[in-house]
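Engineer: For reference, this is model-v4.pdb, and it has PDB, C-alpha atoms.
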```pdb
ATOM      1  CA  ASP A  22       0.000   0.000   0.000  1.00  0.00           C
ATOM      2  CA  VAL A  23       1.765   3.108  -1.299  1.00  0.00           C
ATOM      3  CA  GLU A  24      -0.053   5.635   0.889  1.00  0.00           C
ATOM      4  CA  ARG A  25       0.752   3.634   4.030  1.00  0.00           C
ATOM      5  CA  TRP A  26       4.444   3.422   3.045  1.00  0.00           C
ATOM      6  CA  LEU A  27       4.621   7.177   2.326  1.00  0.00           C
ATOM      7  CA  THR A  28       2.875   8.017   5.595  1.00  0.00           C
ATOM      8  CA  ILE A  29       5.332   5.895   7.576  1.00  0.00           C
ATOM      9  CA  ILE A  30       8.467   7.368   5.995  1.00  0.00           C
ATOM     10  CA  ASN A  31       7.357  11.002   5.549  1.00  0.00           C
ATOM     11  CA  LEU A  32       4.596  11.264   8.178  1.00  0.00           C
ATOM     12  CA  GLN A  33       2.068  12.208   5.474  1.00  0.00           C
ATOM     13  CA  VAL A  34       1.380  11.692   1.791  1.00  0.00           C
ATOM     14  CA  GLY A  35       2.561  14.638  -0.283  1.00  0.00           C
ATOM     15  CA  ARG A  36       6.032  15.163   1.191  1.00  0.00           C
ATOM     16  CA  GLY A  37       9.473  14.063   0.054  1.00  0.00           C
ATOM     17  CA  THR A  38      11.163  12.977  -3.123  1.00  0.00           C
ATOM     18  CA  GLU A  39       9.940   9.426  -2.539  1.00  0.00           C
ATOM     19  CA  PHE A  40       6.377  10.736  -2.932  1.00  0.00           C
ATOM     20  CA  ARG A  41       7.175  12.822  -6.021  1.00  0.00           C
ATOM     21  CA  ASN A  42       9.055   9.993  -7.718  1.00  0.00           C
ATOM     22  CA  ALA A  43       6.470   7.351  -6.776  1.00  0.00           C
ATOM     23  CA  ALA A  44       3.717   9.555  -8.254  1.00  0.00           C
ATOM     24  CA  LYS A  45       5.683   9.827 -11.512  1.00  0.00           C
ATOM     25  CA  TYR A  46       6.307   6.067 -11.643  1.00  0.00           C
ATOM     26  CA  MET A  47       2.583   5.573 -11.040  1.00  0.00           C
ATOM     27  CA  GLY A  48       1.638   7.716 -14.031  1.00  0.00           C
ATOM     28  CA  TRP A  49       1.409  11.301 -12.778  1.00  0.00           C
ATOM     29  CA  VAL A  50       2.576  13.694 -15.483  1.00  0.00           C
ATOM     30  CA  GLU A  51       3.161  17.381 -14.876  1.00  0.00           C
ATOM     31  CA  PRO A  52       0.735  19.263 -17.106  1.00  0.00           C
ATOM     32  CA  PRO A  53       2.186  21.923 -19.392  1.00  0.00           C
ATOM     33  CA  ILE A  54       2.169  25.420 -17.923  1.00  0.00           C
ATOM     34  CA  VAL A  55      -0.395  27.483 -19.757  1.00  0.00           C
ATOM     35  CA  SER A  56       0.193  31.209 -20.052  1.00  0.00           C
ATOM     36  CA  ASP A  57      -2.694  33.173 -18.612  1.00  0.00           C
ATOM     37  CA  ASP A  58      -2.847  36.941 -18.845  1.00  0.00           C
ATOM     38  CA  SER A  59      -5.393  37.265 -16.040  1.00  0.00           C
ATOM     39  CA  ASP A  60      -4.559  39.326 -12.982  1.00  0.00           C
ATOM     40  CA  SER A  61      -4.849  36.476 -10.497  1.00  0.00           C
ATOM     41  CA  GLU A  62      -3.227  36.530  -7.059  1.00  0.00           C
ATOM     42  CA  SER A  63      -0.805  33.753  -7.963  1.00  0.00           C
ATOM     43  CA  LYS A  64       0.548  35.706 -10.931  1.00  0.00           C
ATOM     44  CA  LYS A  65       1.090  39.095  -9.292  1.00  0.00           C
ATOM     45  CA  ASP A  66       4.675  38.237  -8.417  1.00  0.00           C
ATOM     46  CA  GLY A  67       5.379  37.099 -11.973  1.00  0.00           C
ATOM     47  CA  LYS A  68       5.416  33.408 -11.049  1.00  0.00           C
ATOM     48  CA  SER A  69       2.810  30.864 -12.001  1.00  0.00           C
ATOM     49  CA  GLU A  70       1.673  28.195  -9.572  1.00  0.00           C
ATOM     50  CA  ARG A  71       2.869  24.666 -10.149  1.00  0.00           C
ATOM     51  CA  PRO A  72       0.113  22.087 -10.320  1.00  0.00           C
ATOM     52  CA  PRO A  73      -0.128  19.773  -7.326  1.00  0.00           C
ATOM     53  CA  ILE A  74       1.471  16.351  -7.532  1.00  0.00           C
ATOM     54  CA  TYR A  75      -0.849  13.486  -6.679  1.00  0.00           C
ATOM     55  CA  ILE A  76      -0.945   9.723  -6.817  1.00  0.00           C
ATOM     56  CA  PRO A  77      -3.183   8.706  -9.728  1.00  0.00           C
ATOM     57  CA  ASN A  78      -6.244   6.687  -8.659  1.00  0.00           C
ATOM     58  CA  ASP A  79      -5.417   3.949 -11.154  1.00  0.00           C
ATOM     59  CA  GLY A  80      -1.647   4.130 -10.547  1.00  0.00           C
ATOM     60  CA  ILE A  81       0.349   1.053  -9.617  1.00  0.00           C
ATOM     61  CA  LEU A  82       3.805   1.037  -8.064  1.00  0.00           C
ATOM     62  CA  ASN A  83       5.330  -2.319  -8.948  1.00  0.00           C
ATOM     63  CA  LEU A  84       8.522  -3.703  -7.425  1.00  0.00           C
ATOM     64  CA  ASP A  85      10.750  -2.359 -10.226  1.00  0.00           C
ATOM     65  CA  ASP A  86       9.238   1.109  -9.763  1.00  0.00           C
ATOM     66  CA  PHE A  87       9.672   0.908  -5.978  1.00  0.00           C
ATOM     67  CA  ILE A  88      13.331   0.024  -6.501  1.00  0.00           C
ATOM     68  CA  GLY A  89      13.527   2.903  -8.994  1.00  0.00           C
ATOM     69  CA  VAL A  90      12.313   5.344  -6.327  1.00  0.00           C
ATOM     70  CA  TYR A  91      15.227   4.347  -4.116  1.00  0.00           C
ATOM     71  CA  LEU A  92      17.732   4.273  -6.973  1.00  0.00           C
ATOM     72  CA  ASP A  93      16.717   7.881  -7.629  1.00  0.00           C
ATOM     73  CA  GLU A  94      17.413   8.644  -3.941  1.00  0.00           C
ATOM     74  CA  LEU A  95      20.867   7.056  -4.257  1.00  0.00           C
ATOM     75  CA  ARG A  96      21.635   9.031  -7.430  1.00  0.00           C
ATOM     76  CA  GLN A  97      20.845  12.214  -5.510  1.00  0.00           C
ATOM     77  CA  GLY A  98      23.231  11.184  -2.725  1.00  0.00           C
ATOM     78  CA  LYS A  99      20.441  10.735  -0.191  1.00  0.00           C
ATOM     79  CA  PHE A 100      21.960   7.749   1.590  1.00  0.00           C
ATOM     80  CA  TRP A 101      20.721   9.140   4.911  1.00  0.00           C
ATOM     81  CA  GLY A 102      17.168   9.195   3.495  1.00  0.00           C
ATOM     82  CA  ILE A 103      17.261   5.515   2.726  1.00  0.00           C
ATOM     83  CA  ALA A 104      18.629   4.766   6.201  1.00  0.00           C
ATOM     84  CA  TRP A 105      15.815   6.914   7.692  1.00  0.00           C
ATOM     85  CA  ASP A 106      13.152   5.127   5.650  1.00  0.00           C
ATOM     86  CA  LEU A 107      14.452   1.693   6.613  1.00  0.00           C
ATOM     87  CA  ALA A 108      14.476   2.656  10.298  1.00  0.00           C
ATOM     88  CA  ALA A 109      10.941   4.080  10.048  1.00  0.00           C
ATOM     89  CA  LEU A 110       9.824   0.797   8.468  1.00  0.00           C
ATOM     90  CA  GLY A 111      11.382  -1.217  11.314  1.00  0.00           C
ATOM     91  CA  GLU A 112      14.468  -2.372   9.392  1.00  0.00           C
ATOM     92  CA  ALA A 113      17.133  -0.048  10.782  1.00  0.00           C
ATOM     93  CA  LEU A 114      20.654  -0.445   9.474  1.00  0.00           C
ATOM     94  CA  PRO A 115      23.285  -1.232  12.097  1.00  0.00           C
ATOM     95  CA  VAL A 116      24.928   1.986  13.298  1.00  0.00           C
ATOM     96  CA  LYS A 117      28.414   1.832  14.755  1.00  0.00           C
ATOM     97  CA  ASP A 118      28.852   5.599  15.021  1.00  0.00           C
ATOM     98  CA  VAL A 119      27.302   8.821  13.805  1.00  0.00           C
ATOM     99  CA  PHE A 120      28.282   9.531  10.201  1.00  0.00           C
ATOM    100  CA  ARG A 121      30.710  12.427  10.210  1.00  0.00           C
ATOM    101  CA  ALA A 122      31.509  14.008   6.890  1.00  0.00           C
ATOM    102  CA  ARG A 123      30.778  17.167   5.033  1.00  0.00           C
ATOM    103  CA  TYR A 124      29.053  17.316   1.678  1.00  0.00           C
ATOM    104  CA  ASP A 125      28.381  21.056   1.718  1.00  0.00           C
ATOM    105  CA  HIS A 126      31.276  23.358   0.934  1.00  0.00           C
ATOM    106  CA  MET A 127      31.831  27.065   0.388  1.00  0.00           C
ATOM    107  CA  TYR A 128      34.350  28.181  -2.167  1.00  0.00           C
ATOM    108  CA  CYS A 129      35.940  31.585  -2.657  1.00  0.00           C
ATOM    109  CA  SER A 130      38.612  33.047  -4.863  1.00  0.00           C
ATOM    110  CA  SER A 131      42.048  34.119  -3.671  1.00  0.00           C
ATOM    111  CA  SER A 132      40.730  37.698  -3.470  1.00  0.00           C
ATOM    112  CA  LEU A 133      38.755  36.711  -0.339  1.00  0.00           C
ATOM    113  CA  LEU A 134      39.779  35.336   3.029  1.00  0.00           C
ATOM    114  CA  PRO A 135      37.446  33.567   5.451  1.00  0.00           C
ATOM    115  CA  ALA A 136      37.058  35.718   8.574  1.00  0.00           C
ATOM    116  CA  VAL A 137      34.535  33.647  10.531  1.00  0.00           C
ATOM    117  CA  VAL A 138      33.332  30.082   9.924  1.00  0.00           C
ATOM    118  CA  LEU A 139      30.412  28.440  11.696  1.00  0.00           C
ATOM    119  CA  ASP A 140      31.110  24.730  11.790  1.00  0.00           C
ATOM    120  CA  THR A 141      27.886  23.041  12.856  1.00  0.00           C
ATOM    121  CA  ILE A 142      28.113  19.454  14.007  1.00  0.00           C
ATOM    122  CA  SER A 143      25.729  17.057  15.672  1.00  0.00           C
ATOM    123  CA  ASP A 144      26.649  14.181  17.964  1.00  0.00           C
ATOM    124  CA  VAL A 145      23.462  12.317  17.112  1.00  0.00           C
ATOM    125  CA  ALA A 146      22.086  11.245  13.760  1.00  0.00           C
ATOM    126  CA  CYS A 147      20.067  13.905  11.912  1.00  0.00           C
ATOM    127  CA  PRO A 148      17.240  14.608  11.497  1.00  0.00           C
ATOM    128  CA  ASN A 149      16.406  14.473  15.199  1.00  0.00           C
ATOM    129  CA  ALA A 150      14.424  16.422  17.811  1.00  0.00           C
ATOM    130  CA  SER A 151      16.885  19.329  17.932  1.00  0.00           C
ATOM    131  CA  GLU A 152      17.955  19.258  14.257  1.00  0.00           C
ATOM    132  CA  PRO A 153      14.839  18.699  12.110  1.00  0.00           C
ATOM    133  CA  SER A 154      16.855  18.488   8.890  1.00  0.00           C
ATOM    134  CA  ASP A 155      19.780  16.443   7.692  1.00  0.00           C
ATOM    135  CA  HIS A 156      21.283  19.686   6.361  1.00  0.00           C
ATOM    136  CA  LEU A 157      23.208  21.476   9.082  1.00  0.00           C
ATOM    137  CA  PRO A 158      24.001  25.150   8.489  1.00  0.00           C
ATOM    138  CA  VAL A 159      27.227  26.037   6.732  1.00  0.00           C
ATOM    139  CA  CYS A 160      28.003  29.690   7.290  1.00  0.00           C
ATOM    140  CA  ALA A 161      31.018  31.942   6.768  1.00  0.00           C
ATOM    141  CA  SER A 162      31.943  35.594   6.554  1.00  0.00           C
ATOM    142  CA  PHE A 163      34.662  36.722   4.181  1.00  0.00           C
ATOM    143  CA  VAL A 164      36.946  39.768   3.991  1.00  0.00           C
ATOM    144  CA  ARG A 165      38.805  41.124   1.000  1.00  0.00           C
ATOM    145  CA  ASN A 166      42.353  39.826   0.656  1.00  0.00           C
ATOM    146  CA  LYS A 167      44.607  42.895   0.415  1.00  0.00           C
ATOM    147  CA  VAL A 168      47.483  41.020  -1.244  1.00  0.00           C
TER     148      VAL A 168
END
```
Please go through the file and, once you have read it, give me the structure as structure tokens.

Structural biologist:
Amino acid sequence: DVERWLTIINLQVGRGTEFRNAAKYMGWVEPPIVSDDSDSESKKDGKSERPPIYIPNDGILNLDDFIGVYLDELRQGKFWGIAWDLAALGEALPVKDVFRARYDHMYCSSSLLPAVVLDTISDVACPNASEPSDHLPVCASFVRNKV
């Protein structure tokens, strides 16, 4: 049952890349954006609203498609997401220690020097009660290099 699976891993249907990819595998197709010259609220800022993604009533997520959802997660580097989903489904991977690495980086040219760097770390796996996201802030302030 796709809705039950999505509710377990994302707490509701309609959240997460698993939902978006499952909907596509099940036959949801994003409709073409139609230009409308009306003065509607959604167009006042120059942006048009995206249509909602939904699971088609007649959609089927077969085993190959289910595997495809998770292959898409792997291709996006969301290893943590797969570990989270498995744990939520009662099949937690063995954890020997908290994963400690950095995927996010800030780059600057030689004309700048880092003045202050906020290095955020967590001693427990994220997301958790104090860090609701797996993305911890990466923050720095730069000054001009006078060389």

Engineer: To one decimal in Å, tell me the separation between CA of Leu157 (chain A) and CA of Ala104 (chain A).

Structural biologist: 17.6 Å

Engineer: I'd like the interatomic distance between CA of Ser130 (chain A) and CA of Val159 (chain A), to a tenth of an Å.

Structural biologist: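 Computing the Euclidean distance for CA of Ser130 (chain A) and CA of Val159 (chain A) yields 17.7 Å.
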
Engineer: Applied to this file, what does the PyMOL selection byres ((chain A and resi 132) around 10) return in terms of residues, put as a list in words?

Structural biologist: Cys129, Ser130, Ser131, Leu133, Leu134, Phe163, Val164, Arg165, Asn166, Lys167 and Val168 of chain A

Engineer: As an exercise, work out the distance from CA of Thr38 (chain A) to CA of Glu24 (chain A) in Å and give it to one decimal place.

Structural biologist: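 Atom-to-atom, CA of Thr38 (chain A) to CA of Glu24 (chain A), that is 14.0 Å.
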
Engineer: Is there a way to get, as a ChimeraX atom specification, all residues within 10 Å of the point (14.0, 7.8, 3.6) in file coordinates, counting only C-alpha atoms?

Structural biologist: /A:27,29-31,37-39,91,94,99-110

Engineer: In terms of the shortest atom-to-atom distance over only C-alpha atoms, which of A:Leu95, A:Ile76, A:Cys160, A:Ile54 is closest to Leu139 (chain A)?

Structural biologist: A:Cys160

Engineer: Could you write out as a PyMOL selection string the residues that the PyMOL selection byres ((chain A and resi 140-145) around 12) matches in the shown file?

Structural biologist: chain A and resi 116-123+125-127+137-139+146-161

Engineer: Which one of A:Ile81, A:Ile74, A:Val90, A:Ala113 sits closest to Glu51 (chain A) if you count only C-alpha atoms?

Structural biologist: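 Of all the options, A:Ile74 lies closest to Glu51 (chain A).
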
Engineer: Written as a VMD selection string, which residues does the PyMOL selection byres ((chain A and resi 44-46) around 9) give for the file shown?

Structural biologist: chain A and resid 39 to 43 47 to 51 74 to 77 80 to 83 86 to 87 89 to 90

Engineer: For the residues in that selection, give me C-alpha atoms as a short mmCIF file (atom, residue, chain, number, x, y, z; two decimals), keeping the file's coordinate frame.

Structural biologist:
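For reference, out-v5.cif as written:
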```cif
data_model
loop_
_atom_site.label_atom_id
_atom_site.label_comp_id
_atom_site.auth_asym_id
_atom_site.auth_seq_id
_atom_site.Cartn_x
_atom_site.Cartn_y
_atom_site.Cartn_z
CA GLU A 39 9.94 9.43 -2.54
CA PHE A 40 6.38 10.74 -2.93
CA ARG A 41 7.18 12.82 -6.02
CA ASN A 42 9.06 9.99 -7.72
CA ALA A 43 6.47 7.35 -6.78
CA MET A 47 2.58 5.57 -11.04
CA GLY A 48 1.64 7.72 -14.03
CA TRP A 49 1.41 11.30 -12.78
CA VAL A 50 2.58 13.69 -15.48
CA GLU A 51 3.16 17.38 -14.88
CA ILE A 74 1.47 16.35 -7.53
CA TYR A 75 -0.85 13.49 -6.68
CA ILE A 76 -0.94 9.72 -6.82
CA PRO A 77 -3.18 8.71 -9.73
CA GLY A 80 -1.65 4.13 -10.55
CA ILE A 81 0.35 1.05 -9.62
CA LEU A 82 3.80 1.04 -8.06
CA ASN A 83 5.33 -2.32 -8.95
CA ASP A 86 9.24 1.11 -9.76
CA PHE A 87 9.67 0.91 -5.98
CA GLY A 89 13.53 2.90 -8.99
CA VAL A 90 12.31 5.34 -6.33
#
```
